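K.L.:
Let me begin by handing over the structure; questions about it come next.
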Amino acid sequence: MNQAVIKPIKWVPFLALCILVIGSNMVLYMTPFFQPVPNLVVAGSMFDFLLVIPLLVYYFIIRKRYSWKLTVLTAIASYGLATFIIPDSLLENVSMIPKALLLLEAGFVSIELYLLIIVIRKFPKVKASYRKLPNELPFLIKIKQAFNSHFAKSRMLDAVVSEITMLYYALFSWRKPALTTGEVFTFHKKTSFVALNLMLIHALIIESVGLHYFFSKIDHTLSLVLLFINVYSVLFLFGQMQAVKKTPLITTEDSIIMNIGFFKGMSLPYTAIKELKKYEGPDTISASEKKYTFEALVSDFIPEKPSIEILLKEPVVTDLIYGFKKKVTRVVIKVDEPSSLMNIIEKRMTSENETD
């Protein structure tokens with residue numbers, strides 16, 4: 001099983017390097033000292049915008065967090081930025097670049113469409129398997145199990161399932177009640193998680209309208225690409241918000257099922273627990289600790305420290321969005337009723353030990 005270590009985003013070096021690349025090009029084209037600019041220098045600038053900046057975004061932000069397709073979308077957006085800085089007369093010499101980018105993205109989309117056709121052909125069987133699963137399980141767990149029963153596991157399939165899950169929670173889950181049967185524990189009711197996401201969604205919608213109007217007067221294709229990215233981001237936030245609300249932490253007879261929306265999740269057997277205790281560490285988990293820690297908590301305006309800490313006997317694999325995996329030896333949890341959860345886990349651990 002592959003292990004993906006999620007490194008924290010290093011905003012300071014990322015922004016510093018981006019400012020250096022963009023700033024040097026602005027000085028080059030917007031000051032009379034360097035005029036006229038040779039065609040070879042224009043090619044070098046396009047190298048900066050279409051390779052260097054996307055690689056910086058990939059290395060510092062996208063890597064092991066989001067789909068690799070965002071690197072291509074970053075390159076398209078970066079080209080749009082280049083059109084503001086480089087004069088149109090010089091851009092004519094590199095007019096094939098945006099066409100090549102669009103062809104590359106079209107190739108990626110074609111691969112996904114091919115996989116989607118295969119999924120559609122087997123959909124009746126997947127749907128039948130889905131309906132046979134217990135109603136007590138949330139959609140995001142049932143859909144994974146249904147697909148895995150008919151397809152070989154692959155990163156591309158996991159990406160498709162992630163997209164289906166996101167669209168379901170964003171568009172079709174509004175009238176579905178949250179899971180309340182059994183021993184379940186919500187993550188969000190005593191936090192500002194919902195308010196935070198609604199604020200971000202509101203800001204994205206306003207930004208989408210403004211950017212689309214602004215860029216449509218300059219480059220219609222770029223305005224549509226940026227509009228697509230913003231619409232996707234709004235759906236992603238809506239879906240994640242709904243998934244967290246509809247999918248609480250579940251305690252079964254033999255394991256704890258934790259899903260933070262569709263972004264990450266794990267099933268933790270009681271037999272894998274070495275120690276259960278109240279969390280007494282710092283308010284925020286350090287970058288070095290995040291590498292081996294599963295954080296079962298949601299984002300908040302003012303982050304609060306976890307309530308429960310679980311140490312594991314050996315590494316356990318957790319699932320991340322788009323099929324990424326991560327091995328952890330520690331779990332920290334913040335639910336709305338931590339005392340009740342601790343009591344249940346203690347009883348189940350005792351029961352498992354007596355059985356052994």
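Chain labels run A, B, ... following the order of the structure tokens; each chain numbers its residues from 1, and ligands are numbered from 1 in the order shown.
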Write out as a ChimeraX atom specification the residues lying within 8 Å of A:Tyr169, counting only C-alpha atoms and excluding same-chain residues fewer than 3 positions away.
P.N.:
/A:165-166,172-174,238-240,242-243
K.L.:
Since we have the selection now, will you write its residues out, keeping C-alpha atoms, as a short mmCIF file (atom, residue, chain, number, x, y, z; two decimals), in the first residue's frame?
P.N.:
```cif
data_model
loop_
_atom_site.label_atom_id
_atom_site.label_comp_id
_atom_site.auth_asym_id
_atom_site.auth_seq_id
_atom_site.Cartn_x
_atom_site.Cartn_y
_atom_site.Cartn_z
CA THR A 165 -19.18 11.75 -4.09
CA MET A 166 -18.50 15.47 -4.26
CA PHE A 172 -28.41 15.77 -4.33
CA SER A 173 -27.99 15.39 -0.56
CA TRP A 174 -29.96 18.40 0.62
CA PHE A 238 -20.72 22.84 -0.81
CA GLY A 239 -20.11 19.12 -1.13
CA GLN A 240 -17.55 18.98 1.67
CA GLN A 242 -22.78 18.71 3.30
CA ALA A 243 -20.67 15.55 3.61
#
```
K.L.:
Which of stretch 12-251 of chain A counts as strand (DSSP E) under DSSP, as number ranges by chain please?
P.N.:
A: 183-185, 249-251
K.L.:
Find, counting only C-alpha atoms, the residue in A:Gly281, A:Pro13, A:Pro306, A:Pro138 that gets nearest to A:Val57.
P.N.:
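The answer is A:Pro13, which sits nearest to A:Val57.
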K.L.:
Using DSSP on the backbone coordinates, identify the residues of stretch 183-259 of chain A assigned to alpha helix (DSSP H); present them as an MDAnalysis selection string.
P.N.:
chainID A and resid 193:216 220:246
K.L.:
Can you write just those residues out, N, CA and C atoms, as a compact mmCIF listing (two decimals), in the first residue's frame?
P.N.:
```
# COMPACT_ATOMS: atom_id res chain seq x y z
N PHE A 193 -17.86 25.70 11.60
CA PHE A 193 -17.50 25.07 10.33
C PHE A 193 -18.44 25.48 9.20
N VAL A 194 -19.74 25.40 9.44
CA VAL A 194 -20.72 25.73 8.41
C VAL A 194 -20.62 27.21 8.04
N ALA A 195 -20.54 28.08 9.04
CA ALA A 195 -20.43 29.52 8.78
C ALA A 195 -19.17 29.84 7.99
N LEU A 196 -18.07 29.19 8.32
CA LEU A 196 -16.80 29.41 7.62
C LEU A 196 -16.92 29.03 6.16
N ASN A 197 -17.53 27.88 5.88
CA ASN A 197 -17.68 27.44 4.50
C ASN A 197 -18.64 28.31 3.72
N LEU A 198 -19.72 28.73 4.35
CA LEU A 198 -20.66 29.63 3.67
C LEU A 198 -20.01 30.96 3.33
N MET A 199 -19.12 31.44 4.20
CA MET A 199 -18.40 32.68 3.92
C MET A 199 -17.47 32.50 2.72
N LEU A 200 -16.75 31.37 2.68
CA LEU A 200 -15.85 31.10 1.56
C LEU A 200 -16.63 30.96 0.25
N ILE A 201 -17.77 30.27 0.31
CA ILE A 201 -18.59 30.09 -0.89
C ILE A 201 -19.10 31.45 -1.37
N HIS A 202 -19.54 32.27 -0.46
CA HIS A 202 -20.03 33.61 -0.80
C HIS A 202 -18.93 34.43 -1.48
N ALA A 203 -17.73 34.36 -0.93
CA ALA A 203 -16.60 35.11 -1.51
C ALA A 203 -16.26 34.58 -2.90
N LEU A 204 -16.31 33.26 -3.08
CA LEU A 204 -15.99 32.67 -4.39
C LEU A 204 -17.01 33.07 -5.44
N ILE A 205 -18.28 33.10 -5.06
CA ILE A 205 -19.32 33.48 -6.02
C ILE A 205 -19.12 34.92 -6.48
N ILE A 206 -18.86 35.81 -5.53
CA ILE A 206 -18.62 37.22 -5.89
C ILE A 206 -17.38 37.34 -6.78
N GLU A 207 -16.33 36.60 -6.41
CA GLU A 207 -15.09 36.62 -7.20
C GLU A 207 -15.32 36.09 -8.60
N SER A 208 -16.13 35.02 -8.72
CA SER A 208 -16.40 34.42 -10.02
C SER A 208 -17.07 35.42 -10.96
N VAL A 209 -18.07 36.12 -10.44
CA VAL A 209 -18.78 37.10 -11.26
C VAL A 209 -17.83 38.22 -11.70
N GLY A 210 -17.05 38.73 -10.75
CA GLY A 210 -16.14 39.82 -11.06
C GLY A 210 -15.06 39.43 -12.05
N LEU A 211 -14.41 38.28 -11.81
CA LEU A 211 -13.33 37.84 -12.69
C LEU A 211 -13.85 37.51 -14.09
N HIS A 212 -15.02 36.85 -14.16
CA HIS A 212 -15.55 36.49 -15.47
C HIS A 212 -15.86 37.74 -16.28
N TYR A 213 -16.44 38.73 -15.63
CA TYR A 213 -16.75 39.98 -16.33
C TYR A 213 -15.48 40.68 -16.78
N PHE A 214 -14.45 40.67 -15.91
CA PHE A 214 -13.20 41.36 -16.23
C PHE A 214 -12.45 40.67 -17.36
N PHE A 215 -12.28 39.33 -17.25
CA PHE A 215 -11.47 38.61 -18.24
C PHE A 215 -12.22 38.41 -19.55
N SER A 216 -13.56 38.43 -19.54
CA SER A 216 -14.31 38.23 -20.78
C SER A 216 -14.04 39.35 -21.78
N HIS A 220 -11.73 35.60 -23.86
CA HIS A 220 -12.96 34.86 -23.56
C HIS A 220 -12.66 33.44 -23.08
N THR A 221 -11.69 32.79 -23.74
CA THR A 221 -11.35 31.42 -23.35
C THR A 221 -10.84 31.37 -21.92
N LEU A 222 -9.94 32.29 -21.57
CA LEU A 222 -9.40 32.34 -20.22
C LEU A 222 -10.51 32.61 -19.20
N SER A 223 -11.44 33.49 -19.54
CA SER A 223 -12.53 33.80 -18.61
C SER A 223 -13.39 32.57 -18.34
N LEU A 224 -13.60 31.74 -19.38
CA LEU A 224 -14.39 30.52 -19.20
C LEU A 224 -13.64 29.50 -18.35
N VAL A 225 -12.32 29.40 -18.56
CA VAL A 225 -11.51 28.47 -17.75
C VAL A 225 -11.55 28.86 -16.28
N LEU A 226 -11.35 30.16 -16.01
CA LEU A 226 -11.38 30.62 -14.62
C LEU A 226 -12.76 30.47 -14.02
N LEU A 227 -13.81 30.68 -14.82
CA LEU A 227 -15.17 30.49 -14.32
C LEU A 227 -15.41 29.03 -13.96
N PHE A 228 -14.91 28.11 -14.79
CA PHE A 228 -15.05 26.68 -14.50
C PHE A 228 -14.34 26.32 -13.19
N ILE A 229 -13.12 26.86 -12.99
CA ILE A 229 -12.38 26.57 -11.77
C ILE A 229 -13.14 27.07 -10.55
N ASN A 230 -13.70 28.28 -10.64
CA ASN A 230 -14.43 28.83 -9.49
C ASN A 230 -15.73 28.07 -9.22
N VAL A 231 -16.45 27.70 -10.28
CA VAL A 231 -17.68 26.92 -10.09
C VAL A 231 -17.36 25.58 -9.45
N TYR A 232 -16.30 24.95 -9.93
CA TYR A 232 -15.87 23.67 -9.34
C TYR A 232 -15.52 23.86 -7.86
N SER A 233 -14.84 24.95 -7.54
CA SER A 233 -14.46 25.22 -6.15
C SER A 233 -15.68 25.41 -5.27
N VAL A 234 -16.70 26.11 -5.80
CA VAL A 234 -17.94 26.30 -5.03
C VAL A 234 -18.62 24.96 -4.78
N LEU A 235 -18.71 24.13 -5.81
CA LEU A 235 -19.31 22.81 -5.64
C LEU A 235 -18.52 21.96 -4.65
N PHE A 236 -17.20 22.08 -4.71
CA PHE A 236 -16.34 21.32 -3.79
C PHE A 236 -16.63 21.72 -2.34
N LEU A 237 -16.70 23.02 -2.09
CA LEU A 237 -16.96 23.49 -0.72
C LEU A 237 -18.37 23.11 -0.25
N PHE A 238 -19.36 23.26 -1.14
CA PHE A 238 -20.72 22.84 -0.81
C PHE A 238 -20.74 21.35 -0.48
N GLY A 239 -20.11 20.56 -1.33
CA GLY A 239 -20.11 19.12 -1.13
C GLY A 239 -19.43 18.70 0.16
N GLN A 240 -18.27 19.31 0.44
CA GLN A 240 -17.55 18.98 1.67
C GLN A 240 -18.36 19.38 2.91
N MET A 241 -19.00 20.55 2.85
CA MET A 241 -19.82 21.00 3.97
C MET A 241 -20.98 20.03 4.22
N GLN A 242 -21.66 19.63 3.16
CA GLN A 242 -22.78 18.71 3.30
C GLN A 242 -22.33 17.33 3.75
N ALA A 243 -21.18 16.87 3.24
CA ALA A 243 -20.67 15.55 3.61
C ALA A 243 -20.33 15.50 5.10
N VAL A 244 -19.75 16.57 5.63
CA VAL A 244 -19.45 16.62 7.06
C VAL A 244 -20.74 16.60 7.88
N LYS A 245 -21.75 17.34 7.44
CA LYS A 245 -23.02 17.40 8.17
C LYS A 245 -23.75 16.06 8.14
N LYS A 246 -23.66 15.35 7.01
CA LYS A 246 -24.42 14.11 6.84
C LYS A 246 -23.68 12.88 7.33
```
K.L.:
Nearest residue to A:Asn259 out of A:Ala152, A:Ile141, A:Ala82, A:Ile344, using only C-alpha atoms?
P.N.:
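Looking at the shortest contact to A:Asn259, the residue is A:Ile141.
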K.L.:
When you look at A:Gly182 with a cut-off of 10 Å (counting only C-alpha atoms), what residues show up, excluding the ones that are within fewer than 6 positions of it in the same chain? I need them as a PDB file with all heavy atoms, in the first residue's frame.
P.N.:
```
ATOM      1  N   GLU A 136     -27.783   2.110   7.109  1.00  0.00           N
ATOM      2  CA  GLU A 136     -27.124   2.842   8.192  1.00  0.00           C
ATOM      3  C   GLU A 136     -25.800   3.449   7.762  1.00  0.00           C
ATOM      4  O   GLU A 136     -25.281   4.365   8.414  1.00  0.00           O
ATOM      5  CB  GLU A 136     -26.882   1.921   9.397  1.00  0.00           C
ATOM      6  CG  GLU A 136     -28.149   1.462  10.103  1.00  0.00           C
ATOM      7  CD  GLU A 136     -28.869   0.357   9.343  1.00  0.00           C
ATOM      8  OE1 GLU A 136     -28.231  -0.241   8.451  1.00  0.00           O
ATOM      9  OE2 GLU A 136     -30.045   0.102   9.645  1.00  0.00           O
ATOM     10  N   ILE A 250     -18.808   7.194  13.380  1.00  0.00           N
ATOM     11  CA  ILE A 250     -19.643   6.030  13.675  1.00  0.00           C
ATOM     12  C   ILE A 250     -18.840   5.027  14.510  1.00  0.00           C
ATOM     13  O   ILE A 250     -17.702   4.691  14.153  1.00  0.00           O
ATOM     14  CB  ILE A 250     -20.115   5.340  12.382  1.00  0.00           C
ATOM     15  CG1 ILE A 250     -20.827   6.343  11.472  1.00  0.00           C
ATOM     16  CG2 ILE A 250     -21.028   4.157  12.697  1.00  0.00           C
ATOM     17  CD1 ILE A 250     -21.102   5.810  10.075  1.00  0.00           C
ATOM     18  N   THR A 251     -19.416   4.562  15.592  1.00  0.00           N
ATOM     19  CA  THR A 251     -18.789   3.499  16.380  1.00  0.00           C
ATOM     20  C   THR A 251     -19.579   2.211  16.172  1.00  0.00           C
ATOM     21  O   THR A 251     -20.788   2.160  16.420  1.00  0.00           O
ATOM     22  CB  THR A 251     -18.766   3.852  17.874  1.00  0.00           C
ATOM     23  OG1 THR A 251     -20.096   4.139  18.323  1.00  0.00           O
ATOM     24  CG2 THR A 251     -17.889   5.063  18.131  1.00  0.00           C
ATOM     25  N   THR A 252     -18.911   1.176  15.673  1.00  0.00           N
ATOM     26  CA  THR A 252     -19.529  -0.141  15.507  1.00  0.00           C
ATOM     27  C   THR A 252     -19.010  -1.064  16.600  1.00  0.00           C
ATOM     28  O   THR A 252     -18.253  -0.633  17.491  1.00  0.00           O
ATOM     29  CB  THR A 252     -19.204  -0.719  14.123  1.00  0.00           C
ATOM     30  OG1 THR A 252     -17.791  -1.000  14.042  1.00  0.00           O
ATOM     31  CG2 THR A 252     -19.554   0.280  13.017  1.00  0.00           C
TER      32      THR A 252
END
```
K.L.:
Which residue, A:Phe263, A:Phe49, A:Tyr114, A:Phe324, has the smallest gap to A:Ser24 when you use only C-alpha atoms?
P.N.:
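For A:Ser24, the nearest of the given residues is A:Phe49.
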K.L.:
When you look at A:Leu276 with a cut-off of 8 Å (counting only C-alpha atoms), what residues show up, excluding the ones that are within fewer than 6 positions of it in the same chain? I need them as number ranges by chain.
P.N.:
A: 308-311, 342, 346
K.L.:
Have a look at atom CA of A:Phe185 and atom CA of A:Ser340 and let me know their distance in Å, one decimal.
P.N.:
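Taking atom CA of A:Phe185 and atom CA of A:Ser340, their separation equals 8.9 Å.
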K.L.:
Which is closest to A:Ile257 among A:Ala159, A:Leu20, A:Ala170, A:Leu140, if we use only C-alpha atoms?
P.N.:
A:Leu140
